[in-house]
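Heads up, the thing below is written out as structure tokens.
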Amino acid sequence: MREIIFDTETTGLDNRADRIIEIGGIELFNHFPTGNTLHIYINPGDQKVHPDALAVHGITDEFLKDKKPFAEVAEEILAFFGDGKWIAHNATFDMGFINAEFARLGLPPILPDKVVDTLSMARRKHPMGPNSLDALCRRYGIDNSHRTKHGALLDSELLAEVYIEMIGGRQAAFGLSISGQPGQAARGEMATEDDMAFAAALERPRPLGSRLSQSEAQAHEALVAKLGEKGIWAKYARPN
């Protein structure tokens with residue numbers, strides 16, 4: 001399952017007039033980062049960066065002058081997201097801008113069933129709040145000390161860590177893969193010969209002996225005997 005954790009920075013708060021000036025995205029596969037990222041600065045044309053927005057993200061009109069307009073990067077954005085879920089913190093804001101930009105180009109909107117709002121998730125999980133990205137980083141012990149200003153890619157990276165924790169941490173994905181192995185198996189795909197060779201190399205040359213004591217084994221057998229012939233444990237013979 002592909003998911004894209006993303007964030008945008010804009011010239012202001014009104015998606016009818018203001019424009020996206022930065023988008024960043026992190027690809028997850030089965031809830032694990034793949035290393036694939038998207039990061040684009042975008043020229044907003046005649047729309048200037050509002051002073052309040054500048055104070056938040058620090059992206060100036062001068063910096064954006066030589067960047068491509070949204071029309072020239074829209075296909076790159078759509079290609080990166082592909083069939084994945086669009087996941088953002090306060091997604092209503094980000095998707096309002098995304099769909100407004102697509103509408104200007106005559107492109108279809110991203111439908112709500114393709115979008116996940118982590119702010120809504122956080123409010124359900126932690127109804128007493130606070131549930132800002134910074135607050136969630138503190139709650140889950142995620143280092144955000146380098147976040148002096150908002151940035152689309154940096155915020156996406158932090159949100160990816162928060163999202164993984166909110167859905168159950170690193171144990172959320174129970175795929176049959178080898179942790180840390182960089183082959184296809186790490187992405188939940190069919191294992192290659194290298195993957196299988198790696199797995200074989202990790203096997204113990206001599207299996208560990210049972211740590212079950214004789215008294216524990218006898219106590220277990222006595223319990224199984226009380227369960228009768230229909231007890232499920234009766235179907236399994238105790239190894240010597």
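Each chain of the structure tokens is named A, B, ... in the order shown, its residues numbered from 1; ligands are numbered from 1 in display order.
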
Skipping near chain neighbours, those fewer than 6 positions away, what residues fall within 10 Å of Gly141 of chain A using only C-alpha atoms, listed as JSON, numbers by chain?
{"A": [135, 161, 162, 165]}

Distance query Phe70 of chain A at most 8 Å, only C-alpha atoms, self and fewer than 5 positions along chain excluded, as a compact mmCIF listing (two decimals) with all heavy atoms, in the first residue's frame:
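Below is the file that was written, result.txt:
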```
# COMPACT_ATOMS: atom_id res chain seq x y z
N ILE A 20 0.14 27.96 -4.09
CA ILE A 20 1.15 27.08 -3.49
C ILE A 20 2.53 27.53 -3.96
O ILE A 20 2.75 27.78 -5.15
CB ILE A 20 0.91 25.62 -3.92
CG1 ILE A 20 -0.41 25.11 -3.33
CG2 ILE A 20 2.06 24.72 -3.45
CD1 ILE A 20 -0.79 23.72 -3.80
N ILE A 42 7.71 26.60 -6.08
CA ILE A 42 6.83 26.95 -7.20
C ILE A 42 6.66 28.47 -7.28
O ILE A 42 6.43 29.14 -6.26
CB ILE A 42 5.44 26.29 -7.02
CG1 ILE A 42 5.60 24.76 -6.98
CG2 ILE A 42 4.48 26.69 -8.14
CD1 ILE A 42 4.37 24.03 -6.48
N ASN A 43 6.78 28.99 -8.48
CA ASN A 43 6.58 30.42 -8.74
C ASN A 43 5.08 30.73 -8.72
O ASN A 43 4.32 30.17 -9.52
CB ASN A 43 7.18 30.78 -10.10
CG ASN A 43 7.19 32.27 -10.36
OD1 ASN A 43 6.30 33.00 -9.93
ND2 ASN A 43 8.19 32.74 -11.08
N PRO A 44 4.62 31.64 -7.85
CA PRO A 44 3.19 31.92 -7.77
C PRO A 44 2.70 32.98 -8.75
O PRO A 44 1.55 33.44 -8.64
CB PRO A 44 3.03 32.43 -6.33
CG PRO A 44 4.33 33.12 -6.06
CD PRO A 44 5.38 32.34 -6.79
N GLU A 101 -5.45 24.62 -7.50
CA GLU A 101 -4.41 24.69 -8.54
C GLU A 101 -4.78 23.77 -9.71
O GLU A 101 -4.63 24.15 -10.88
CB GLU A 101 -3.05 24.28 -7.96
CG GLU A 101 -2.49 25.23 -6.91
CD GLU A 101 -1.89 26.50 -7.50
OE1 GLU A 101 -2.02 26.74 -8.72
OE2 GLU A 101 -1.30 27.27 -6.73
```

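The gap separating atom CA of Asn90 of chain A from atom CA of Ser120 of chain A is 7.4 Å, in Å to one decimal.
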
Give me, as an MDAnalysis selection string, all polymer residues having an atom no more than 9 Å from segment 6-14 of chain A, counting only C-alpha atoms and skipping those fewer than 2 positions away in the same chain.
chainID A and resid 4 16:27 38 44 47:54 57 59 86:89 91 93:94 97:98 150:157 159:160

Measuring between only C-alpha atoms, which one of A:Glu75, A:Glu3, A:Asp117, A:Asp61 shows the shortest distance to Thr37 of chain A?
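Ranked by minimum distance to Thr37 of chain A, first place goes to A:Glu3.
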
Backbone-only DSSP, strand (DSSP E) members of segment 14-63 of chain A, as an MDAnalysis selection string:
chainID A and resid 20:29 32:41

Run DSSP on the backbone of this structure and report the residues of segment 17-132 of chain A it assigns to alpha helix (DSSP H), as number ranges by chain.
A: 51-57, 61-64, 70-81, 91-104, 118-125

I'd like the neighbourhood of Ala122 of chain A as a PDB file with N, CA, C and O atoms, in the first residue's frame, where a residue qualifies if any of its atoms comes within 9 Å (using only C-alpha atoms), though same-chain residues fewer than 4 positions away should be ignored.
```pdb
ATOM      1  N   ASP A 117      -6.534  12.794   6.788  1.00  0.00           N
ATOM      2  CA  ASP A 117      -6.181  13.979   7.575  1.00  0.00           C
ATOM      3  C   ASP A 117      -5.652  13.522   8.928  1.00  0.00           C
ATOM      4  O   ASP A 117      -6.397  13.020   9.770  1.00  0.00           O
ATOM      5  N   THR A 118      -4.353  13.716   9.158  1.00  0.00           N
ATOM      6  CA  THR A 118      -3.760  13.274  10.421  1.00  0.00           C
ATOM      7  C   THR A 118      -4.200  14.152  11.593  1.00  0.00           C
ATOM      8  O   THR A 118      -4.136  13.715  12.743  1.00  0.00           O
ATOM      9  N   HIS A 126      -6.354  11.692  20.621  1.00  0.00           N
ATOM     10  CA  HIS A 126      -5.979  12.519  21.767  1.00  0.00           C
ATOM     11  C   HIS A 126      -6.970  13.676  21.894  1.00  0.00           C
ATOM     12  O   HIS A 126      -6.643  14.823  21.572  1.00  0.00           O
ATOM     13  N   PRO A 127      -8.195  13.390  22.318  1.00  0.00           N
ATOM     14  CA  PRO A 127      -9.240  14.418  22.308  1.00  0.00           C
ATOM     15  C   PRO A 127      -8.953  15.617  23.206  1.00  0.00           C
ATOM     16  O   PRO A 127      -9.523  16.687  22.991  1.00  0.00           O
ATOM     17  N   GLY A 129      -6.012  17.027  23.335  1.00  0.00           N
ATOM     18  CA  GLY A 129      -5.022  17.843  22.646  1.00  0.00           C
ATOM     19  C   GLY A 129      -3.824  18.180  23.530  1.00  0.00           C
ATOM     20  O   GLY A 129      -3.645  17.596  24.591  1.00  0.00           O
ATOM     21  N   PRO A 130      -2.988  19.148  23.101  1.00  0.00           N
ATOM     22  CA  PRO A 130      -3.031  19.807  21.788  1.00  0.00           C
ATOM     23  C   PRO A 130      -2.565  18.860  20.688  1.00  0.00           C
ATOM     24  O   PRO A 130      -1.872  17.887  20.965  1.00  0.00           O
ATOM     25  N   ASN A 131      -2.917  19.193  19.437  1.00  0.00           N
ATOM     26  CA  ASN A 131      -2.630  18.274  18.337  1.00  0.00           C
ATOM     27  C   ASN A 131      -1.948  18.944  17.152  1.00  0.00           C
ATOM     28  O   ASN A 131      -2.080  18.479  16.017  1.00  0.00           O
ATOM     29  N   SER A 132      -1.227  20.024  17.408  1.00  0.00           N
ATOM     30  CA  SER A 132      -0.394  20.591  16.350  1.00  0.00           C
ATOM     31  C   SER A 132       0.736  19.620  16.050  1.00  0.00           C
ATOM     32  O   SER A 132       1.007  18.689  16.835  1.00  0.00           O
ATOM     33  N   LEU A 136       2.471  17.017  18.708  1.00  0.00           N
ATOM     34  CA  LEU A 136       2.509  15.571  18.495  1.00  0.00           C
ATOM     35  C   LEU A 136       3.947  15.059  18.501  1.00  0.00           C
ATOM     36  O   LEU A 136       4.212  13.943  18.972  1.00  0.00           O
ATOM     37  N   MET A 166       1.130   7.113  15.347  1.00  0.00           N
ATOM     38  CA  MET A 166      -0.307   7.154  15.613  1.00  0.00           C
ATOM     39  C   MET A 166      -1.022   5.876  15.182  1.00  0.00           C
ATOM     40  O   MET A 166      -2.032   5.494  15.762  1.00  0.00           O
TER      41      MET A 166
END
```

Using only C-alpha atoms, which of A:His39, A:Lys85, A:Arg138, A:Arg104 sits nearest Val116 of chain A?
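Comparing A:His39, A:Lys85, A:Arg138, A:Arg104 against Val116 of chain A, the winner is A:Lys85.
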
Write out as a PyMOL selection string each polymer residue whose atoms come within 12 Å of Asp83 of chain A, counting only C-alpha atoms; drop sequence neighbours fewer than 5 positions from it.
chain A and resi 1-4+27+29+77-78+110-111+113-115
